[in-house]
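What follows is the content of structure.cif (mmCIF, N, CA and C atoms).
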```cif
data_my_file
loop_
_atom_site.label_atom_id
_atom_site.label_comp_id
_atom_site.auth_asym_id
_atom_site.auth_seq_id
_atom_site.Cartn_x
_atom_site.Cartn_y
_atom_site.Cartn_z
N MET A 8 100.75 160.29 23.96
CA MET A 8 99.99 159.08 23.77
C MET A 8 99.77 158.39 25.11
N MET A 9 98.57 157.91 25.36
CA MET A 9 98.25 157.24 26.61
C MET A 9 98.99 155.92 26.72
N GLY A 10 99.21 155.47 27.97
CA GLY A 10 99.86 154.18 28.21
C GLY A 10 98.94 153.02 27.87
N ASN A 11 99.46 151.84 27.97
CA ASN A 11 98.69 150.62 27.72
C ASN A 11 97.52 150.56 28.68
N LEU A 12 96.35 150.20 28.20
CA LEU A 12 95.14 150.14 29.01
C LEU A 12 95.31 149.21 30.20
N ALA A 13 95.90 148.05 29.98
CA ALA A 13 96.10 147.10 31.07
C ALA A 13 96.95 147.72 32.17
N THR A 14 97.99 148.47 31.79
CA THR A 14 98.84 149.14 32.77
C THR A 14 98.04 150.18 33.53
N THR A 15 97.20 150.93 32.83
CA THR A 15 96.36 151.94 33.45
C THR A 15 95.44 151.31 34.50
N LEU A 16 94.91 150.14 34.17
CA LEU A 16 94.01 149.45 35.10
C LEU A 16 94.78 148.67 36.17
N GLY A 17 96.08 148.55 36.01
CA GLY A 17 96.88 147.80 36.97
C GLY A 17 96.84 146.30 36.73
N VAL A 18 96.56 145.90 35.49
CA VAL A 18 96.48 144.48 35.14
C VAL A 18 97.76 144.09 34.41
N ARG A 19 98.35 142.96 34.79
CA ARG A 19 99.59 142.50 34.16
C ARG A 19 99.30 141.98 32.76
N VAL A 20 100.08 142.43 31.79
CA VAL A 20 99.94 141.99 30.40
C VAL A 20 101.05 141.00 30.07
N VAL A 21 100.68 139.89 29.48
CA VAL A 21 101.66 138.89 29.10
C VAL A 21 102.31 139.27 27.77
N ARG A 22 101.48 139.76 26.83
CA ARG A 22 102.06 140.11 25.54
C ARG A 22 101.23 141.23 24.92
N SER A 23 101.89 142.12 24.21
CA SER A 23 101.21 143.24 23.56
C SER A 23 101.91 143.51 22.23
N ASP A 24 101.51 142.76 21.18
CA ASP A 24 102.19 142.89 19.89
C ASP A 24 101.25 143.26 18.75
N SER A 25 100.16 143.93 19.09
CA SER A 25 99.18 144.30 18.07
C SER A 25 99.70 145.46 17.22
N ASN A 26 99.50 145.39 15.91
CA ASN A 26 99.92 146.46 15.00
C ASN A 26 98.71 147.25 14.48
N ARG A 27 97.58 147.08 15.11
CA ARG A 27 96.37 147.76 14.65
C ARG A 27 96.41 149.23 15.04
N ASP A 28 95.51 150.01 14.45
CA ASP A 28 95.39 151.42 14.86
C ASP A 28 95.11 151.47 16.34
N HIS A 29 95.49 152.56 16.97
CA HIS A 29 95.35 152.68 18.42
C HIS A 29 94.20 153.62 18.78
N PRO A 30 92.99 153.05 19.00
CA PRO A 30 91.88 153.90 19.42
C PRO A 30 92.12 154.39 20.85
N SER A 31 91.34 155.37 21.28
CA SER A 31 91.50 155.92 22.62
C SER A 31 91.20 154.86 23.67
N GLU A 32 91.71 155.10 24.87
CA GLU A 32 91.49 154.16 25.98
C GLU A 32 90.00 154.01 26.28
N MET A 33 89.25 155.08 26.24
CA MET A 33 87.82 155.00 26.53
C MET A 33 87.08 154.23 25.43
N THR A 34 87.52 154.36 24.20
CA THR A 34 86.92 153.60 23.11
C THR A 34 87.16 152.10 23.31
N LYS A 35 88.37 151.74 23.74
CA LYS A 35 88.68 150.34 24.01
C LYS A 35 87.82 149.79 25.15
N ILE A 36 87.64 150.59 26.19
CA ILE A 36 86.82 150.16 27.33
C ILE A 36 85.37 149.98 26.89
N ALA A 37 84.86 150.93 26.11
CA ALA A 37 83.47 150.83 25.64
C ALA A 37 83.29 149.62 24.72
N TYR A 38 84.27 149.38 23.84
CA TYR A 38 84.20 148.21 22.95
C TYR A 38 84.21 146.93 23.77
N MET A 39 85.08 146.87 24.76
CA MET A 39 85.17 145.68 25.62
C MET A 39 83.84 145.46 26.35
N ALA A 40 83.22 146.53 26.81
CA ALA A 40 81.93 146.40 27.49
C ALA A 40 80.88 145.81 26.55
N GLY A 41 80.83 146.28 25.32
CA GLY A 41 79.88 145.75 24.35
C GLY A 41 80.17 144.30 24.01
N LEU A 42 81.44 144.00 23.80
CA LEU A 42 81.84 142.62 23.51
C LEU A 42 81.49 141.71 24.69
N PHE A 43 81.78 142.17 25.89
CA PHE A 43 81.51 141.37 27.08
C PHE A 43 80.01 141.20 27.30
N ASP A 44 79.24 142.24 27.04
CA ASP A 44 77.77 142.13 27.16
C ASP A 44 77.22 141.04 26.26
N GLY A 45 77.76 140.94 25.05
CA GLY A 45 77.25 139.97 24.09
C GLY A 45 77.84 138.58 24.22
N GLU A 46 79.12 138.48 24.53
CA GLU A 46 79.83 137.19 24.50
C GLU A 46 80.40 136.76 25.84
N GLY A 47 80.37 137.63 26.82
CA GLY A 47 81.06 137.36 28.08
C GLY A 47 80.24 136.63 29.12
N CYS A 48 80.94 136.21 30.15
CA CYS A 48 80.33 135.50 31.27
C CYS A 48 81.00 135.96 32.56
N VAL A 49 80.20 136.27 33.56
CA VAL A 49 80.71 136.61 34.89
C VAL A 49 80.47 135.40 35.79
N THR A 50 81.53 134.94 36.43
CA THR A 50 81.38 133.88 37.43
C THR A 50 81.64 134.52 38.78
N TYR A 51 80.63 134.46 39.64
CA TYR A 51 80.73 135.02 40.99
C TYR A 51 80.01 134.05 41.90
N LYS A 52 80.78 133.13 42.49
CA LYS A 52 80.14 132.13 43.33
C LYS A 52 81.09 131.67 44.43
N GLN A 53 80.49 131.15 45.48
CA GLN A 53 81.25 130.58 46.58
C GLN A 53 81.00 129.08 46.57
N TYR A 54 82.05 128.30 46.82
CA TYR A 54 81.91 126.85 46.78
C TYR A 54 82.82 126.20 47.81
N TRP A 55 82.55 124.95 48.11
CA TRP A 55 83.38 124.18 49.04
C TRP A 55 84.59 123.63 48.31
N SER A 56 85.75 123.71 48.95
CA SER A 56 86.96 123.16 48.36
C SER A 56 87.78 122.45 49.44
N SER A 57 88.59 121.50 49.01
CA SER A 57 89.52 120.83 49.92
C SER A 57 90.82 120.52 49.17
N LYS A 58 91.23 121.43 48.31
CA LYS A 58 92.38 121.20 47.44
C LYS A 58 93.72 121.45 48.11
N ARG A 59 93.78 122.19 49.18
CA ARG A 59 95.06 122.51 49.80
C ARG A 59 95.48 121.41 50.78
N ASP A 60 96.75 121.05 50.71
CA ASP A 60 97.29 120.02 51.59
C ASP A 60 97.31 120.47 53.06
N ASN A 61 97.54 121.77 53.27
CA ASN A 61 97.63 122.26 54.64
C ASN A 61 96.26 122.54 55.28
N ARG A 62 95.17 122.25 54.56
CA ARG A 62 93.82 122.42 55.09
C ARG A 62 93.06 121.12 54.86
N PRO A 63 93.09 120.21 55.83
CA PRO A 63 92.46 118.90 55.63
C PRO A 63 90.93 118.96 55.56
N ASN A 64 90.33 119.97 56.17
CA ASN A 64 88.88 120.10 56.14
C ASN A 64 88.43 120.95 54.97
N LYS A 65 87.20 120.76 54.55
CA LYS A 65 86.65 121.59 53.47
C LYS A 65 86.50 123.03 53.96
N TYR A 66 86.62 123.97 53.03
CA TYR A 66 86.50 125.39 53.35
C TYR A 66 85.85 126.10 52.16
N PHE A 67 85.24 127.27 52.44
CA PHE A 67 84.61 128.05 51.38
C PHE A 67 85.67 128.81 50.58
N CYS A 68 85.53 128.79 49.27
CA CYS A 68 86.37 129.54 48.34
C CYS A 68 85.48 130.38 47.43
N TRP A 69 86.02 131.48 46.96
CA TRP A 69 85.32 132.29 45.96
C TRP A 69 85.90 132.02 44.59
N ARG A 70 85.04 131.98 43.60
CA ARG A 70 85.44 131.95 42.20
C ARG A 70 84.88 133.22 41.59
N ILE A 71 85.76 134.14 41.25
CA ILE A 71 85.37 135.42 40.67
C ILE A 71 86.17 135.58 39.39
N GLN A 72 85.47 135.58 38.25
CA GLN A 72 86.19 135.73 36.98
C GLN A 72 85.29 136.30 35.89
N LEU A 73 85.94 136.92 34.94
CA LEU A 73 85.31 137.39 33.71
C LEU A 73 85.88 136.55 32.59
N GLU A 74 85.03 136.12 31.65
CA GLU A 74 85.49 135.24 30.58
C GLU A 74 84.73 135.54 29.29
N ILE A 75 85.46 135.48 28.19
CA ILE A 75 84.85 135.56 26.86
C ILE A 75 85.34 134.34 26.09
N VAL A 76 84.41 133.62 25.50
CA VAL A 76 84.73 132.43 24.71
C VAL A 76 84.11 132.60 23.33
N MET A 77 84.92 132.41 22.28
CA MET A 77 84.41 132.51 20.91
C MET A 77 85.36 131.82 19.95
N THR A 78 84.97 131.74 18.71
CA THR A 78 85.78 131.06 17.70
C THR A 78 86.66 132.02 16.90
N ASP A 79 86.60 133.32 17.19
CA ASP A 79 87.42 134.30 16.48
C ASP A 79 88.66 134.62 17.30
N GLU A 80 89.80 134.08 16.88
CA GLU A 80 91.04 134.24 17.65
C GLU A 80 91.48 135.70 17.72
N ALA A 81 91.32 136.44 16.65
CA ALA A 81 91.77 137.84 16.63
C ALA A 81 91.07 138.68 17.70
N THR A 82 89.79 138.44 17.92
CA THR A 82 89.05 139.20 18.93
C THR A 82 89.54 138.85 20.33
N ILE A 83 89.76 137.56 20.57
CA ILE A 83 90.27 137.14 21.88
C ILE A 83 91.68 137.68 22.10
N GLN A 84 92.49 137.69 21.05
CA GLN A 84 93.84 138.23 21.17
C GLN A 84 93.80 139.72 21.47
N TRP A 85 92.83 140.43 20.90
CA TRP A 85 92.66 141.85 21.20
C TRP A 85 92.38 142.04 22.70
N CYS A 86 91.53 141.20 23.26
CA CYS A 86 91.24 141.27 24.70
C CYS A 86 92.52 141.07 25.51
N CYS A 87 93.33 140.10 25.12
CA CYS A 87 94.59 139.82 25.81
C CYS A 87 95.55 141.01 25.70
N ASP A 88 95.67 141.55 24.51
CA ASP A 88 96.59 142.66 24.28
C ASP A 88 96.20 143.91 25.06
N ASN A 89 94.91 144.12 25.23
CA ASN A 89 94.44 145.36 25.86
C ASN A 89 94.05 145.23 27.32
N PHE A 90 93.71 144.03 27.77
CA PHE A 90 93.26 143.84 29.14
C PHE A 90 94.03 142.75 29.88
N GLY A 91 95.11 142.26 29.29
CA GLY A 91 95.93 141.25 29.94
C GLY A 91 95.36 139.85 29.76
N GLY A 92 96.12 138.88 30.21
CA GLY A 92 95.68 137.50 30.11
C GLY A 92 96.28 136.80 28.91
N ASN A 93 95.86 135.58 28.71
CA ASN A 93 96.35 134.74 27.60
C ASN A 93 95.20 134.29 26.73
N CYS A 94 95.51 134.02 25.48
CA CYS A 94 94.55 133.44 24.55
C CYS A 94 94.67 131.92 24.70
N ILE A 95 93.66 131.31 25.26
CA ILE A 95 93.68 129.88 25.53
C ILE A 95 92.91 129.17 24.42
N LYS A 96 93.55 128.20 23.78
CA LYS A 96 92.90 127.43 22.71
C LYS A 96 92.21 126.22 23.32
N LYS A 97 90.98 125.99 22.91
CA LYS A 97 90.20 124.85 23.40
C LYS A 97 89.71 124.05 22.19
N PRO A 98 90.46 123.00 21.80
CA PRO A 98 90.03 122.19 20.65
C PRO A 98 88.74 121.42 21.00
N ARG A 99 87.86 121.33 20.03
CA ARG A 99 86.61 120.58 20.21
C ARG A 99 86.42 119.71 18.98
N GLN A 100 86.39 118.42 19.18
CA GLN A 100 86.30 117.48 18.07
C GLN A 100 85.02 117.71 17.26
N GLY A 101 85.20 117.91 15.96
CA GLY A 101 84.06 118.11 15.08
C GLY A 101 83.54 119.53 15.03
N TYR A 102 84.15 120.44 15.77
CA TYR A 102 83.71 121.84 15.81
C TYR A 102 84.90 122.76 15.57
N LYS A 103 84.62 124.03 15.36
CA LYS A 103 85.68 125.01 15.21
C LYS A 103 86.50 125.12 16.50
N MET A 104 87.74 125.56 16.36
CA MET A 104 88.59 125.82 17.51
C MET A 104 87.95 126.94 18.34
N GLN A 105 87.97 126.78 19.63
CA GLN A 105 87.40 127.77 20.53
C GLN A 105 88.55 128.50 21.23
N TYR A 106 88.41 129.81 21.40
CA TYR A 106 89.43 130.62 22.05
C TYR A 106 88.82 131.28 23.27
N ARG A 107 89.61 131.35 24.36
CA ARG A 107 89.10 131.87 25.63
C ARG A 107 90.01 132.95 26.17
N TRP A 108 89.38 134.00 26.70
CA TRP A 108 90.06 135.04 27.46
C TRP A 108 89.44 135.02 28.84
N ARG A 109 90.27 135.04 29.86
CA ARG A 109 89.75 134.95 31.22
C ARG A 109 90.61 135.78 32.16
N ARG A 110 89.96 136.54 33.04
CA ARG A 110 90.66 137.28 34.09
C ARG A 110 89.92 137.02 35.39
N GLY A 111 90.67 136.79 36.45
CA GLY A 111 90.06 136.44 37.72
C GLY A 111 90.41 137.39 38.85
N PHE A 112 89.60 137.32 39.86
CA PHE A 112 89.80 137.99 41.14
C PHE A 112 90.07 139.48 40.99
N LYS A 113 91.21 140.00 41.46
CA LYS A 113 91.46 141.45 41.44
C LYS A 113 91.52 142.01 40.02
N ASP A 114 92.06 141.24 39.07
CA ASP A 114 92.08 141.71 37.68
C ASP A 114 90.65 141.82 37.16
N ALA A 115 89.81 140.86 37.51
CA ALA A 115 88.39 140.92 37.11
C ALA A 115 87.71 142.13 37.74
N TYR A 116 88.05 142.42 38.97
CA TYR A 116 87.49 143.59 39.66
C TYR A 116 87.87 144.88 38.95
N LYS A 117 89.14 145.03 38.58
CA LYS A 117 89.60 146.25 37.91
C LYS A 117 88.91 146.43 36.55
N ILE A 118 88.79 145.34 35.82
CA ILE A 118 88.15 145.41 34.50
C ILE A 118 86.65 145.66 34.66
N ALA A 119 86.02 145.00 35.63
CA ALA A 119 84.59 145.22 35.89
C ALA A 119 84.32 146.69 36.20
N ASN A 120 85.18 147.31 37.00
CA ASN A 120 85.04 148.73 37.31
C ASN A 120 85.12 149.59 36.06
N ALA A 121 86.01 149.24 35.15
CA ALA A 121 86.20 150.03 33.94
C ALA A 121 85.01 149.90 32.98
N ILE A 122 84.50 148.69 32.79
CA ILE A 122 83.44 148.48 31.78
C ILE A 122 82.03 148.65 32.34
N TYR A 123 81.88 148.68 33.64
CA TYR A 123 80.55 148.78 34.27
C TYR A 123 79.70 149.93 33.72
N PRO A 124 80.23 151.15 33.57
CA PRO A 124 79.38 152.26 33.09
C PRO A 124 78.80 152.02 31.69
N TYR A 125 79.44 151.19 30.87
CA TYR A 125 79.00 150.94 29.50
C TYR A 125 78.18 149.67 29.36
N ALA A 126 78.18 148.84 30.38
CA ALA A 126 77.49 147.54 30.32
C ALA A 126 75.98 147.72 30.35
N VAL A 127 75.28 146.78 29.74
CA VAL A 127 73.82 146.78 29.76
C VAL A 127 73.33 145.44 30.30
N THR A 128 73.57 144.36 29.58
CA THR A 128 73.02 143.06 29.99
C THR A 128 73.78 142.42 31.14
N LYS A 129 75.04 142.71 31.29
CA LYS A 129 75.84 142.10 32.37
C LYS A 129 76.06 143.07 33.54
N LYS A 130 75.35 144.18 33.55
CA LYS A 130 75.58 145.23 34.55
C LYS A 130 75.43 144.72 35.98
N GLU A 131 74.36 143.97 36.26
CA GLU A 131 74.13 143.48 37.62
C GLU A 131 75.21 142.50 38.06
N ALA A 132 75.63 141.62 37.16
CA ALA A 132 76.68 140.66 37.50
C ALA A 132 78.01 141.36 37.75
N LEU A 133 78.32 142.38 36.95
CA LEU A 133 79.54 143.15 37.17
C LEU A 133 79.47 143.90 38.50
N LYS A 134 78.30 144.37 38.83
CA LYS A 134 78.10 145.08 40.10
C LYS A 134 78.39 144.16 41.29
N ASP A 135 78.02 142.88 41.20
CA ASP A 135 78.32 141.92 42.26
C ASP A 135 79.83 141.82 42.51
N VAL A 136 80.60 141.76 41.43
CA VAL A 136 82.05 141.68 41.55
C VAL A 136 82.60 142.95 42.19
N ILE A 137 82.14 144.09 41.73
CA ILE A 137 82.61 145.38 42.26
C ILE A 137 82.28 145.50 43.74
N GLU A 138 81.06 145.15 44.11
CA GLU A 138 80.64 145.25 45.51
C GLU A 138 81.39 144.26 46.40
N HIS A 139 81.71 143.09 45.88
CA HIS A 139 82.45 142.10 46.65
C HIS A 139 83.78 142.69 47.14
N TYR A 140 84.52 143.30 46.25
CA TYR A 140 85.80 143.88 46.64
C TYR A 140 85.63 145.19 47.38
N GLY A 141 84.55 145.92 47.11
CA GLY A 141 84.27 147.15 47.85
C GLY A 141 84.02 146.85 49.33
N LYS A 142 83.32 145.77 49.63
CA LYS A 142 83.06 145.37 51.02
C LYS A 142 84.36 145.00 51.72
N ARG A 143 85.24 144.30 51.01
CA ARG A 143 86.52 143.87 51.60
C ARG A 143 87.37 145.07 51.96
N LYS A 144 87.38 146.10 51.11
CA LYS A 144 88.19 147.28 51.41
C LYS A 144 87.66 148.01 52.64
N LYS A 145 86.33 148.11 52.75
CA LYS A 145 85.73 148.78 53.91
C LYS A 145 86.01 148.00 55.19
N THR A 146 85.94 146.68 55.12
CA THR A 146 86.18 145.84 56.30
C THR A 146 87.62 145.98 56.78
N ARG A 147 88.57 146.03 55.86
CA ARG A 147 89.98 146.14 56.24
C ARG A 147 90.31 147.49 56.87
N LYS A 148 89.62 148.56 56.44
CA LYS A 148 89.89 149.89 56.99
C LYS A 148 89.34 150.03 58.40
N SER A 149 88.30 149.28 58.73
CA SER A 149 87.67 149.40 60.05
C SER A 149 88.55 148.87 61.15
#
```
Now that the file is in, can you turn its structure into structure tokens?
Amino acid sequence: MMGNLATTLGVRVVRSDSNRDHPSEMTKIAYMAGLFDGEGCVTYKQYWSSKRDNRPNKYFCWRIQLEIVMTDEATIQWCCDNFGGNCIKKPRQGYKMQYRWRRGFKDAYKIANAIYPYAVTKKEALKDVIEHYGKRKKTRKS
């Protein structure tokens, strides 16, 4: 039997207590790609920040993350169980409870690499994340 998908991708898992049938790793990746294409969001932007005490001047920061937000907790929990992260509850007055799955930076890069071949609508945005870290690896080797 194959290991946990998150472990295979090198992503830290907080909890893995699902009792569902265990589809193949590639099936999970393909399902995640479809789910992400329909419900997901890629954030890839650079912005000014001054949050650190040891840096009094503003500096550029990157925000790189993959996120899925929906009202079905079981689906978000599946993302957490298979790709790491936490199920974050976001109460909204007068509306259904919202659940969020989010992975950032290197974890986002590893997941983007895995789901990229199956993606359709988010393919270009995932490519930006992959290329961002690909450039950094080439620069460090030089």
Kindly resolve the PyMOL selection byres ((chain A and resi 73-83) around 6.5) on the present coordinates and return the residues as a PDB file with N, CA and C atoms, in the frame of the given file.
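Dumped to expr_36.pdb:
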```pdb
ATOM      1  N   GLU A  46      79.120 138.480  24.530  1.00  0.00           N
ATOM      2  CA  GLU A  46      79.830 137.190  24.500  1.00  0.00           C
ATOM      3  C   GLU A  46      80.400 136.760  25.840  1.00  0.00           C
ATOM      4  N   GLY A  47      80.370 137.630  26.820  1.00  0.00           N
ATOM      5  CA  GLY A  47      81.060 137.360  28.080  1.00  0.00           C
ATOM      6  C   GLY A  47      80.240 136.630  29.120  1.00  0.00           C
ATOM      7  N   CYS A  48      80.940 136.210  30.150  1.00  0.00           N
ATOM      8  CA  CYS A  48      80.330 135.500  31.270  1.00  0.00           C
ATOM      9  C   CYS A  48      81.000 135.960  32.560  1.00  0.00           C
ATOM     10  N   VAL A  49      80.200 136.270  33.560  1.00  0.00           N
ATOM     11  CA  VAL A  49      80.710 136.610  34.890  1.00  0.00           C
ATOM     12  C   VAL A  49      80.470 135.400  35.790  1.00  0.00           C
ATOM     13  N   THR A  50      81.530 134.940  36.430  1.00  0.00           N
ATOM     14  CA  THR A  50      81.380 133.880  37.430  1.00  0.00           C
ATOM     15  C   THR A  50      81.640 134.520  38.780  1.00  0.00           C
ATOM     16  N   ILE A  71      85.760 134.140  41.250  1.00  0.00           N
ATOM     17  CA  ILE A  71      85.370 135.420  40.670  1.00  0.00           C
ATOM     18  C   ILE A  71      86.170 135.580  39.390  1.00  0.00           C
ATOM     19  N   GLN A  72      85.470 135.580  38.250  1.00  0.00           N
ATOM     20  CA  GLN A  72      86.190 135.730  36.980  1.00  0.00           C
ATOM     21  C   GLN A  72      85.290 136.300  35.890  1.00  0.00           C
ATOM     22  N   GLN A  84      92.490 137.690  21.050  1.00  0.00           N
ATOM     23  CA  GLN A  84      93.840 138.230  21.170  1.00  0.00           C
ATOM     24  C   GLN A  84      93.800 139.720  21.470  1.00  0.00           C
ATOM     25  N   TRP A  85      92.830 140.430  20.900  1.00  0.00           N
ATOM     26  CA  TRP A  85      92.660 141.850  21.200  1.00  0.00           C
ATOM     27  C   TRP A  85      92.380 142.040  22.700  1.00  0.00           C
ATOM     28  N   CYS A  86      91.530 141.200  23.260  1.00  0.00           N
ATOM     29  CA  CYS A  86      91.240 141.270  24.700  1.00  0.00           C
ATOM     30  C   CYS A  86      92.520 141.070  25.510  1.00  0.00           C
ATOM     31  N   CYS A  87      93.330 140.100  25.120  1.00  0.00           N
ATOM     32  CA  CYS A  87      94.590 139.820  25.810  1.00  0.00           C
ATOM     33  C   CYS A  87      95.550 141.010  25.700  1.00  0.00           C
ATOM     34  N   ASP A  88      95.670 141.550  24.510  1.00  0.00           N
ATOM     35  CA  ASP A  88      96.590 142.660  24.280  1.00  0.00           C
ATOM     36  C   ASP A  88      96.200 143.910  25.060  1.00  0.00           C
ATOM     37  N   CYS A  94      95.510 134.020  25.480  1.00  0.00           N
ATOM     38  CA  CYS A  94      94.550 133.440  24.550  1.00  0.00           C
ATOM     39  C   CYS A  94      94.670 131.920  24.700  1.00  0.00           C
ATOM     40  N   LYS A 103      84.620 124.030  15.360  1.00  0.00           N
ATOM     41  CA  LYS A 103      85.680 125.010  15.210  1.00  0.00           C
ATOM     42  C   LYS A 103      86.500 125.120  16.500  1.00  0.00           C
ATOM     43  N   MET A 104      87.740 125.560  16.360  1.00  0.00           N
ATOM     44  CA  MET A 104      88.590 125.820  17.510  1.00  0.00           C
ATOM     45  C   MET A 104      87.950 126.940  18.340  1.00  0.00           C
ATOM     46  N   GLN A 105      87.970 126.780  19.630  1.00  0.00           N
ATOM     47  CA  GLN A 105      87.400 127.770  20.530  1.00  0.00           C
ATOM     48  C   GLN A 105      88.550 128.500  21.230  1.00  0.00           C
ATOM     49  N   TYR A 106      88.410 129.810  21.400  1.00  0.00           N
ATOM     50  CA  TYR A 106      89.430 130.620  22.050  1.00  0.00           C
ATOM     51  C   TYR A 106      88.820 131.280  23.270  1.00  0.00           C
ATOM     52  N   ARG A 107      89.610 131.350  24.360  1.00  0.00           N
ATOM     53  CA  ARG A 107      89.100 131.870  25.630  1.00  0.00           C
ATOM     54  C   ARG A 107      90.010 132.950  26.170  1.00  0.00           C
ATOM     55  N   TRP A 108      89.380 134.000  26.700  1.00  0.00           N
ATOM     56  CA  TRP A 108      90.060 135.040  27.460  1.00  0.00           C
ATOM     57  C   TRP A 108      89.440 135.020  28.840  1.00  0.00           C
ATOM     58  N   ARG A 109      90.270 135.040  29.860  1.00  0.00           N
ATOM     59  CA  ARG A 109      89.750 134.950  31.220  1.00  0.00           C
ATOM     60  C   ARG A 109      90.610 135.780  32.160  1.00  0.00           C
ATOM     61  N   ARG A 110      89.960 136.540  33.040  1.00  0.00           N
ATOM     62  CA  ARG A 110      90.660 137.280  34.090  1.00  0.00           C
ATOM     63  C   ARG A 110      89.920 137.020  35.390  1.00  0.00           C
ATOM     64  N   GLY A 111      90.670 136.790  36.450  1.00  0.00           N
ATOM     65  CA  GLY A 111      90.060 136.440  37.720  1.00  0.00           C
ATOM     66  C   GLY A 111      90.410 137.390  38.850  1.00  0.00           C
ATOM     67  N   PHE A 112      89.600 137.320  39.860  1.00  0.00           N
ATOM     68  CA  PHE A 112      89.800 137.990  41.140  1.00  0.00           C
ATOM     69  C   PHE A 112      90.070 139.480  40.990  1.00  0.00           C
ATOM     70  N   ALA A 115      89.810 140.860  37.510  1.00  0.00           N
ATOM     71  CA  ALA A 115      88.390 140.920  37.110  1.00  0.00           C
ATOM     72  C   ALA A 115      87.710 142.130  37.740  1.00  0.00           C
TER      73      ALA A 115
END
```
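Atom pair CA of Gly101 (chain A) / atom C of Gly41 (chain A): separated by 27.9 Å.
Of the listed residues A:Met33, A:Val18, A:Leu12, A:Leu42, the one whose atoms come nearest to Val127 (chain A) is A:Leu42, with distances taken using only C-alpha atoms.
Residue neighbourhood of Ala121 (chain A), excluding near-sequence residues (fewer than 6 positions): A:Leu16, A:Ile36, A:Ala37, A:Ala40, A:Ala115, at 8 Å, using all atoms listed in the file.
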Figure out the distance between atom C of Lys117 (chain A) and CA of Tyr38 (chain A), please, to one decimal in Å. 14.5 Å
For region 131-136 of chain A, please output as a PyMOL selection string all residues within 7 Å (counting all atoms listed in the file; exclusion window: fewer than 5 positions along the same chain). chain A and resi 49+51+115-116+119-120+123+141
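Taking atom N of Trp69 (chain A) and CA of Lys97 (chain A) as the two end points, the separation is 24.8 Å.
Close contacts of region 54-56 of chain A, defined as residues with an atom at most 5 Å away when counting all atoms listed in the file, with chain neighbours fewer than 2 positions off set aside, comprise Lys52, Lys58, Lys65, Tyr66, Phe67 and Cys68 of chain A.
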Please produce a file of those selected residues containing N, CA and C atoms, as a PDB file, keeping the file's coordinate frame.
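Output file part-v4.pdb is given in full below:
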```pdb
ATOM      1  N   LYS A  52      80.780 133.130  42.490  1.00  0.00           N
ATOM      2  CA  LYS A  52      80.140 132.130  43.330  1.00  0.00           C
ATOM      3  C   LYS A  52      81.090 131.670  44.430  1.00  0.00           C
ATOM      4  N   LYS A  58      91.230 121.430  48.310  1.00  0.00           N
ATOM      5  CA  LYS A  58      92.380 121.200  47.440  1.00  0.00           C
ATOM      6  C   LYS A  58      93.720 121.450  48.110  1.00  0.00           C
ATOM      7  N   LYS A  65      87.200 120.760  54.550  1.00  0.00           N
ATOM      8  CA  LYS A  65      86.650 121.590  53.470  1.00  0.00           C
ATOM      9  C   LYS A  65      86.500 123.030  53.960  1.00  0.00           C
ATOM     10  N   TYR A  66      86.620 123.970  53.030  1.00  0.00           N
ATOM     11  CA  TYR A  66      86.500 125.390  53.350  1.00  0.00           C
ATOM     12  C   TYR A  66      85.850 126.100  52.160  1.00  0.00           C
ATOM     13  N   PHE A  67      85.240 127.270  52.440  1.00  0.00           N
ATOM     14  CA  PHE A  67      84.610 128.050  51.380  1.00  0.00           C
ATOM     15  C   PHE A  67      85.670 128.810  50.580  1.00  0.00           C
ATOM     16  N   CYS A  68      85.530 128.790  49.270  1.00  0.00           N
ATOM     17  CA  CYS A  68      86.370 129.540  48.340  1.00  0.00           C
ATOM     18  C   CYS A  68      85.480 130.380  47.430  1.00  0.00           C
TER      19      CYS A  68
END
```
